[in-house]
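Novice: Just so it is clear, I am handing over upload26.txt, which has compact mmCIF, C-alpha atoms.
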# COMPACT_ATOMS: atom_id res chain seq x y z
CA ASP K 1 83.19 104.40 82.61
CA GLY K 2 85.28 101.55 83.97
CA GLY K 3 87.81 102.33 86.61
CA ILE K 4 89.06 102.10 90.16
CA THR K 5 87.58 104.26 92.88
CA GLN K 6 89.40 104.94 96.11
CA SER K 7 87.96 106.73 99.11
CA PRO K 8 88.49 108.85 100.99
CA LYS K 9 90.95 110.97 99.04
CA TYR K 10 92.31 112.58 102.21
CA LEU K 11 92.17 111.17 105.72
CA PHE K 12 93.46 112.34 109.06
CA ARG K 13 93.86 109.94 111.93
CA LYS K 14 94.93 110.18 115.51
CA GLU K 15 97.61 107.84 116.76
CA GLY K 16 96.21 104.57 118.05
CA GLN K 17 93.20 104.54 115.73
CA ASN K 18 92.50 102.04 113.01
CA VAL K 19 91.36 103.38 109.65
CA THR K 20 89.96 101.62 106.57
CA LEU K 21 90.61 102.74 103.00
CA SER K 22 88.10 101.72 100.38
CA CYS K 23 88.93 100.42 96.89
CA GLU K 24 86.26 99.44 94.35
CA GLN K 25 86.78 98.44 90.71
CA ASN K 26 84.32 97.82 87.87
CA LEU K 27 86.89 96.56 85.36
CA ASN K 28 86.06 92.91 86.09
CA HIS K 29 89.72 92.35 86.97
CA ASP K 30 90.65 89.29 89.00
CA ALA K 31 93.68 90.67 90.80
CA MET K 32 93.85 93.67 93.14
CA TYR K 33 96.73 95.30 94.99
CA TRP K 34 97.60 97.86 97.63
CA TYR K 35 100.79 99.90 97.39
CA ARG K 36 102.25 102.51 99.67
CA GLN K 37 104.22 105.51 98.39
CA ASP K 38 106.39 107.73 100.57
CA PRO K 39 107.79 111.09 99.37
CA GLY K 40 110.57 110.65 96.85
CA GLN K 41 110.18 106.90 96.91
CA GLY K 42 108.87 104.23 94.63
CA LEU K 43 105.86 102.09 95.40
CA ARG K 44 106.01 99.25 97.89
CA LEU K 45 103.56 96.36 97.84
CA ILE K 46 101.45 95.87 100.98
CA TYR K 47 98.97 93.12 100.07
CA TYR K 48 97.56 91.58 96.95
CA SER K 49 94.70 89.30 96.01
CA GLN K 50 94.42 87.14 92.91
CA ILE K 51 90.92 85.80 93.57
CA VAL K 52 88.01 86.34 95.89
CA ASN K 53 88.50 85.13 99.48
CA ASP K 54 92.26 84.84 99.02
CA PHE K 55 95.09 87.33 99.55
CA GLN K 56 98.85 87.35 100.14
CA LYS K 57 101.24 89.57 102.02
CA GLY K 58 103.50 91.84 100.05
CA ASP K 59 106.81 93.31 101.12
CA ILE K 60 105.48 95.55 103.91
CA ALA K 61 102.32 93.88 105.27
CA GLU K 62 103.03 94.42 108.98
CA GLY K 63 100.45 96.71 110.57
CA TYR K 64 97.96 96.31 107.72
CA SER K 65 95.03 93.98 107.02
CA VAL K 66 92.79 93.35 104.01
CA SER K 67 89.75 91.38 102.94
CA ARG K 68 88.45 90.23 99.55
CA GLU K 69 84.82 89.20 100.00
CA LYS K 70 83.75 90.47 96.58
CA LYS K 71 85.59 90.61 93.27
CA GLU K 72 84.97 94.34 93.03
CA SER K 73 86.20 95.35 96.47
CA PHE K 74 89.55 95.20 98.31
CA PRO K 75 89.55 97.39 101.43
CA LEU K 76 92.74 98.08 103.38
CA THR K 77 92.79 98.63 107.14
CA VAL K 78 95.72 100.52 108.59
CA THR K 79 95.93 99.37 112.18
CA SER K 80 97.42 101.04 115.23
CA ALA K 81 100.28 98.55 114.94
CA GLN K 82 101.60 100.33 111.84
CA LYS K 83 104.45 102.44 113.19
CA ASN K 84 104.58 105.09 110.48
CA PRO K 85 101.29 105.14 108.59
CA THR K 86 101.47 108.62 107.06
CA ALA K 87 101.75 107.98 103.31
CA PHE K 88 99.99 107.98 99.95
CA TYR K 89 98.13 104.69 99.41
CA LEU K 90 97.41 103.42 95.93
CA CYS K 91 95.03 100.64 94.98
CA ALA K 92 95.45 98.87 91.66
CA SER K 93 93.99 96.02 89.67
CA SER K 94 95.08 93.81 86.80
CA ILE K 95 93.59 91.21 84.52
CA GLY K 96 95.90 88.80 86.29
CA GLN K 97 97.15 86.17 83.91
CA LEU K 98 98.10 87.60 80.53
CA THR K 99 99.89 90.69 81.70
CA GLY K 100 100.89 92.22 84.99
CA GLU K 101 99.98 95.72 83.83
CA LEU K 102 98.42 97.58 86.73
CA PHE K 103 95.62 100.12 86.57
CA PHE K 104 95.62 102.52 89.48
CA GLY K 105 93.02 104.40 91.46
CA GLU K 106 93.48 108.07 92.34
CA GLY K 107 95.00 107.30 95.71
CA SER K 108 94.26 108.05 99.36
CA ARG K 109 96.50 110.34 101.37
CA LEU K 110 96.61 109.37 105.06
CA THR K 111 98.07 111.70 107.66
CA VAL K 112 98.50 110.67 111.27
CA LEU K 113 98.30 113.58 113.70
CA GLU C 1 115.19 89.61 96.06
CA LEU C 2 114.38 91.63 92.98
CA LYS C 3 115.94 95.07 92.80
CA VAL C 4 114.94 97.71 90.28
CA GLU C 5 117.23 100.70 89.88
CA GLN C 6 116.55 103.80 87.88
CA ASN C 7 118.96 106.50 86.92
CA PRO C 8 119.09 109.32 87.09
CA LEU C 9 116.71 109.90 89.99
CA PHE C 10 116.51 113.59 89.18
CA LEU C 11 116.89 115.25 85.79
CA SER C 12 116.54 118.87 84.80
CA MET C 13 116.71 119.55 81.09
CA GLN C 14 115.85 122.19 78.55
CA GLU C 15 113.08 122.04 76.03
CA GLY C 16 114.18 120.67 72.70
CA LYS C 17 116.88 118.41 74.11
CA ASN C 18 117.05 114.61 74.02
CA TYR C 19 117.69 112.40 77.00
CA THR C 20 117.45 108.80 78.20
CA ILE C 21 116.29 107.33 81.51
CA TYR C 22 117.70 103.92 82.42
CA CYS C 23 116.09 101.07 84.35
CA ASN C 24 118.18 98.11 85.49
CA TYR C 25 116.79 95.08 87.28
CA SER C 26 118.45 92.20 89.07
CA THR C 27 116.40 89.09 88.23
CA THR C 28 115.37 87.49 84.97
CA SER C 29 112.15 88.95 83.62
CA ASP C 30 110.68 89.68 80.21
CA ARG C 31 107.92 91.97 81.41
CA LEU C 32 108.58 95.61 82.12
CA TYR C 33 106.28 98.60 82.47
CA TRP C 34 106.71 102.36 82.43
CA TYR C 35 104.41 104.71 84.31
CA ARG C 36 104.07 108.46 84.63
CA GLN C 37 103.06 110.29 87.81
CA ASP C 38 102.18 113.99 88.03
CA PRO C 39 102.56 115.73 91.41
CA GLY C 40 99.90 114.60 93.89
CA LYS C 41 98.33 112.30 91.34
CA SER C 42 98.13 108.60 90.66
CA LEU C 43 100.15 106.57 88.16
CA GLU C 44 99.31 106.46 84.48
CA SER C 45 100.46 103.55 82.31
CA LEU C 46 102.77 104.56 79.47
CA PHE C 47 104.30 101.43 78.00
CA VAL C 48 104.04 97.66 78.38
CA LEU C 49 107.11 95.73 77.19
CA LEU C 50 106.58 91.97 77.09
CA SER C 51 109.55 90.51 75.21
CA ASN C 52 113.24 90.93 74.52
CA GLY C 53 113.81 93.63 71.94
CA ALA C 54 110.37 95.16 72.41
CA VAL C 55 110.18 98.81 71.41
CA LYS C 56 107.18 101.07 71.92
CA GLN C 57 106.76 104.72 70.95
CA GLU C 58 104.18 107.32 71.86
CA GLY C 59 104.78 110.87 70.74
CA ARG C 60 108.15 112.07 72.04
CA LEU C 61 108.66 109.02 74.28
CA MET C 62 110.16 105.71 73.23
CA ALA C 63 110.74 102.70 75.48
CA SER C 64 112.80 99.58 74.82
CA LEU C 65 113.66 96.36 76.62
CA ASP C 66 116.83 94.26 76.56
CA THR C 67 116.15 91.23 78.74
CA LYS C 68 119.66 89.82 78.36
CA ALA C 69 121.17 93.00 79.77
CA ARG C 70 118.23 93.36 82.22
CA LEU C 71 117.88 96.92 81.02
CA SER C 72 115.07 99.12 79.79
CA THR C 73 115.40 102.66 78.50
CA LEU C 74 112.92 105.51 78.18
CA HIS C 75 114.10 107.98 75.56
CA ILE C 76 112.77 111.51 75.34
CA THR C 77 113.08 113.28 72.02
CA ALA C 78 112.89 117.08 71.72
CA ALA C 79 111.51 117.48 75.22
CA VAL C 80 108.58 119.80 75.94
CA HIS C 81 107.45 121.24 79.27
CA ASP C 82 104.34 119.00 79.39
CA LEU C 83 106.57 115.96 79.82
CA SER C 84 107.66 117.18 83.25
CA ALA C 85 106.65 114.43 85.69
CA THR C 86 108.06 111.49 87.64
CA TYR C 87 108.61 108.37 85.58
CA PHE C 88 108.67 104.89 87.11
CA CYS C 89 109.72 101.58 85.67
CA ALA C 90 108.32 98.38 87.16
CA VAL C 91 109.22 94.74 86.69
CA ASP C 92 106.97 91.71 86.78
CA ILE C 93 108.25 88.55 88.40
CA ARG C 94 105.98 85.57 88.19
CA LEU C 95 106.25 82.69 90.56
CA SER C 96 106.16 79.30 88.89
CA GLY C 97 102.56 78.39 88.21
CA GLY C 98 101.63 81.82 87.02
CA GLY C 99 99.47 84.29 88.82
CA ALA C 100 99.84 88.00 89.14
CA ASP C 101 102.02 88.78 92.10
CA GLY C 102 102.38 92.49 91.65
CA LEU C 103 105.09 94.66 90.20
CA THR C 104 108.34 95.82 91.78
CA PHE C 105 108.94 99.52 91.16
CA GLY C 106 112.05 101.61 90.82
CA LYS C 107 112.31 104.79 92.89
CA GLY C 108 111.31 106.97 89.97
CA THR C 109 113.01 109.65 87.89
CA HIS C 110 111.84 113.18 88.67
CA LEU C 111 112.03 115.02 85.36
CA ILE C 112 111.85 118.80 85.05
CA ILE C 113 111.83 120.34 81.59
CA GLN C 114 112.55 124.03 81.52
CA PRO C 115 111.66 126.44 78.71
Mind turning the file's structure into structure tokens?
Specialist:
Amino acid sequence: DGGITQSPKYLFRKEGQNVTLSCEQNLNHDAMYWYRQDPGQGLRLIYYSQIVNDFQKGDIAEGYSVSREKKESFPLTVTSAQKNPTAFYLCASSIGQLTGELFFGEGSRLTVL
Amino acid sequence: ELKVEQNPLFLSMQEGKNYTIYCNYSTTSDRLYWYRQDPGKSLESLFVLLSNGAVKQEGRLMASLDTKARLSTLHITAAVHDLSATYFCAVDIRLSGGGADGLTFGKGTHLIIQP
């Protein structure tokens, strides 16, 4: 079954620690994205990547970093510089050119203690 | 800067009734998407609208797009409890030269359908 796998599903972190969220897709999609969702809010774009070894900042990139070494993988690191990291993080992918329709993973819920 | 506004943000309605959710956006686009989210879950794609006048229907839900008015609607017919969820619209803005730059989402409409 093709899809997007995010891990871990739940993660607790102490203040000052970096944490990396995994996102893997087997849909053969070119483009991948990371969004953040806060309670009662829409989704805000953190980073996106249209091709391997290239990525761009979204609207709220400060305090986050990404890499795109393989087409299938787009991990997100939440650094200690992110002031308010507690949120629901969603990874998505799209074919890229013909349509911007996004396909989402199940999400990772990060709580900072 | 693109702004996407949904209204209402919260809607409680009775089973069997009809209602419409509105999605306005501030910049020219002919690509709009509707998603559904259940509590604690991810987003599920409902409709993809790719041209002015596009209309899509699935069961009791129907979505339409008017690019001149920068408006999309999601109409619910004879609502049932299973349609209770949060519904998001999202708009696609492409920079010149193409590429997939991500979608801009509205804040979502939290829909509760009561028996």
Novice: Report, in Å to a single decimal, how far apart CA of Thr104 (chain C) and CA of Pro75 (chain K) are.
Specialist: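 Atom-to-atom, CA of Pro75 (chain K) to CA of Thr104 (chain C), that is 21.2 Å.
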Novice: Go through K:Ile95, K:Leu102, K:Ile4, K:Leu76 one by one, measure the shortest atom-to-atom distance of each to Tyr35 (chain C) using all atoms listed in the file, and give the residue with the smallest value.
Specialist: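 Ranking K:Ile95, K:Leu102, K:Ile4, K:Leu76 by distance to Tyr35 (chain C), first place goes to K:Leu102.
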Novice: Distance CA of Arg68 (chain K)-CA of Gly42 (chain K), one decimal place?
Specialist: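 CA of Gly42 (chain K) lies at a distance of 25.2 Å from CA of Arg68 (chain K).
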Novice: Leaving out region 27-34 of chain K and any residue of its chain fewer than 4 positions from it, which residues lie within 10 Å of it when counting all atoms listed in the file, given as a PyMOL selection string?
Specialist: (chain K and resi 1-4+23+43-52+55-56+58+61+66+68+71-76+89-97+100+102-104+107) or (chain C and resi 99-103)
Novice: If you keep C-alpha atoms, can you produce a file of those selected residues as a PDB file, in the coordinates of the input?
Specialist:
ATOM      1  CA  ASP K   1      83.190 104.400  82.610  1.00  0.00           C
ATOM      2  CA  GLY K   2      85.280 101.550  83.970  1.00  0.00           C
ATOM      3  CA  GLY K   3      87.810 102.330  86.610  1.00  0.00           C
ATOM      4  CA  ILE K   4      89.060 102.100  90.160  1.00  0.00           C
ATOM      5  CA  CYS K  23      88.930 100.420  96.890  1.00  0.00           C
ATOM      6  CA  LEU K  43     105.860 102.090  95.400  1.00  0.00           C
ATOM      7  CA  ARG K  44     106.010  99.250  97.890  1.00  0.00           C
ATOM      8  CA  LEU K  45     103.560  96.360  97.840  1.00  0.00           C
ATOM      9  CA  ILE K  46     101.450  95.870 100.980  1.00  0.00           C
ATOM     10  CA  TYR K  47      98.970  93.120 100.070  1.00  0.00           C
ATOM     11  CA  TYR K  48      97.560  91.580  96.950  1.00  0.00           C
ATOM     12  CA  SER K  49      94.700  89.300  96.010  1.00  0.00           C
ATOM     13  CA  GLN K  50      94.420  87.140  92.910  1.00  0.00           C
ATOM     14  CA  ILE K  51      90.920  85.800  93.570  1.00  0.00           C
ATOM     15  CA  VAL K  52      88.010  86.340  95.890  1.00  0.00           C
ATOM     16  CA  PHE K  55      95.090  87.330  99.550  1.00  0.00           C
ATOM     17  CA  GLN K  56      98.850  87.350 100.140  1.00  0.00           C
ATOM     18  CA  GLY K  58     103.500  91.840 100.050  1.00  0.00           C
ATOM     19  CA  ALA K  61     102.320  93.880 105.270  1.00  0.00           C
ATOM     20  CA  VAL K  66      92.790  93.350 104.010  1.00  0.00           C
ATOM     21  CA  ARG K  68      88.450  90.230  99.550  1.00  0.00           C
ATOM     22  CA  LYS K  71      85.590  90.610  93.270  1.00  0.00           C
ATOM     23  CA  GLU K  72      84.970  94.340  93.030  1.00  0.00           C
ATOM     24  CA  SER K  73      86.200  95.350  96.470  1.00  0.00           C
ATOM     25  CA  PHE K  74      89.550  95.200  98.310  1.00  0.00           C
ATOM     26  CA  PRO K  75      89.550  97.390 101.430  1.00  0.00           C
ATOM     27  CA  LEU K  76      92.740  98.080 103.380  1.00  0.00           C
ATOM     28  CA  TYR K  89      98.130 104.690  99.410  1.00  0.00           C
ATOM     29  CA  LEU K  90      97.410 103.420  95.930  1.00  0.00           C
ATOM     30  CA  CYS K  91      95.030 100.640  94.980  1.00  0.00           C
ATOM     31  CA  ALA K  92      95.450  98.870  91.660  1.00  0.00           C
ATOM     32  CA  SER K  93      93.990  96.020  89.670  1.00  0.00           C
ATOM     33  CA  SER K  94      95.080  93.810  86.800  1.00  0.00           C
ATOM     34  CA  ILE K  95      93.590  91.210  84.520  1.00  0.00           C
ATOM     35  CA  GLY K  96      95.900  88.800  86.290  1.00  0.00           C
ATOM     36  CA  GLN K  97      97.150  86.170  83.910  1.00  0.00           C
ATOM     37  CA  GLY K 100     100.890  92.220  84.990  1.00  0.00           C
ATOM     38  CA  LEU K 102      98.420  97.580  86.730  1.00  0.00           C
ATOM     39  CA  PHE K 103      95.620 100.120  86.570  1.00  0.00           C
ATOM     40  CA  PHE K 104      95.620 102.520  89.480  1.00  0.00           C
ATOM     41  CA  GLY K 107      95.000 107.300  95.710  1.00  0.00           C
TER      42      GLY K 107
ATOM     43  CA  GLY C  99      99.470  84.290  88.820  1.00  0.00           C
ATOM     44  CA  ALA C 100      99.840  88.000  89.140  1.00  0.00           C
ATOM     45  CA  ASP C 101     102.020  88.780  92.100  1.00  0.00           C
ATOM     46  CA  GLY C 102     102.380  92.490  91.650  1.00  0.00           C
ATOM     47  CA  LEU C 103     105.090  94.660  90.200  1.00  0.00           C
TER      48      LEU C 103
END
Novice: Would you give me, as a VMD selection string, the residues of chain C that come within 12 Å of chain K, using only C-alpha atoms?
Specialist: chain C and resid 1 to 6 9 to 10 29 to 51 86 to 95 97 to 110
Novice: CA of Asp38 (chain K) to CA of His81 (chain C): how many Å, to one decimal?
Specialist: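 Answer for the CA of Asp38 (chain K) to CA of His81 (chain C) separation: 25.2 Å.
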Novice: I want to know what sits within 7 Å of region 63-75 of chain C, based on only C-alpha atoms, with residues of the same chain fewer than 3 positions away left out; could you give that as JSON, numbers by chain?
Specialist: {"C": [19, 20, 21, 22, 23, 24, 25, 26, 29, 30, 49, 52, 53, 54, 55, 56, 57]}
Novice: Compile the contact shell of Leu110 (chain K) as JSON, numbers by chain: residues with an atom at most 10 Å away, counting all atoms listed in the file, same-chain residues fewer than 6 positions apart removed.
Specialist: {"K": [8, 9, 10, 11, 12, 13, 19, 21, 78, 85, 86, 87, 88, 89]}
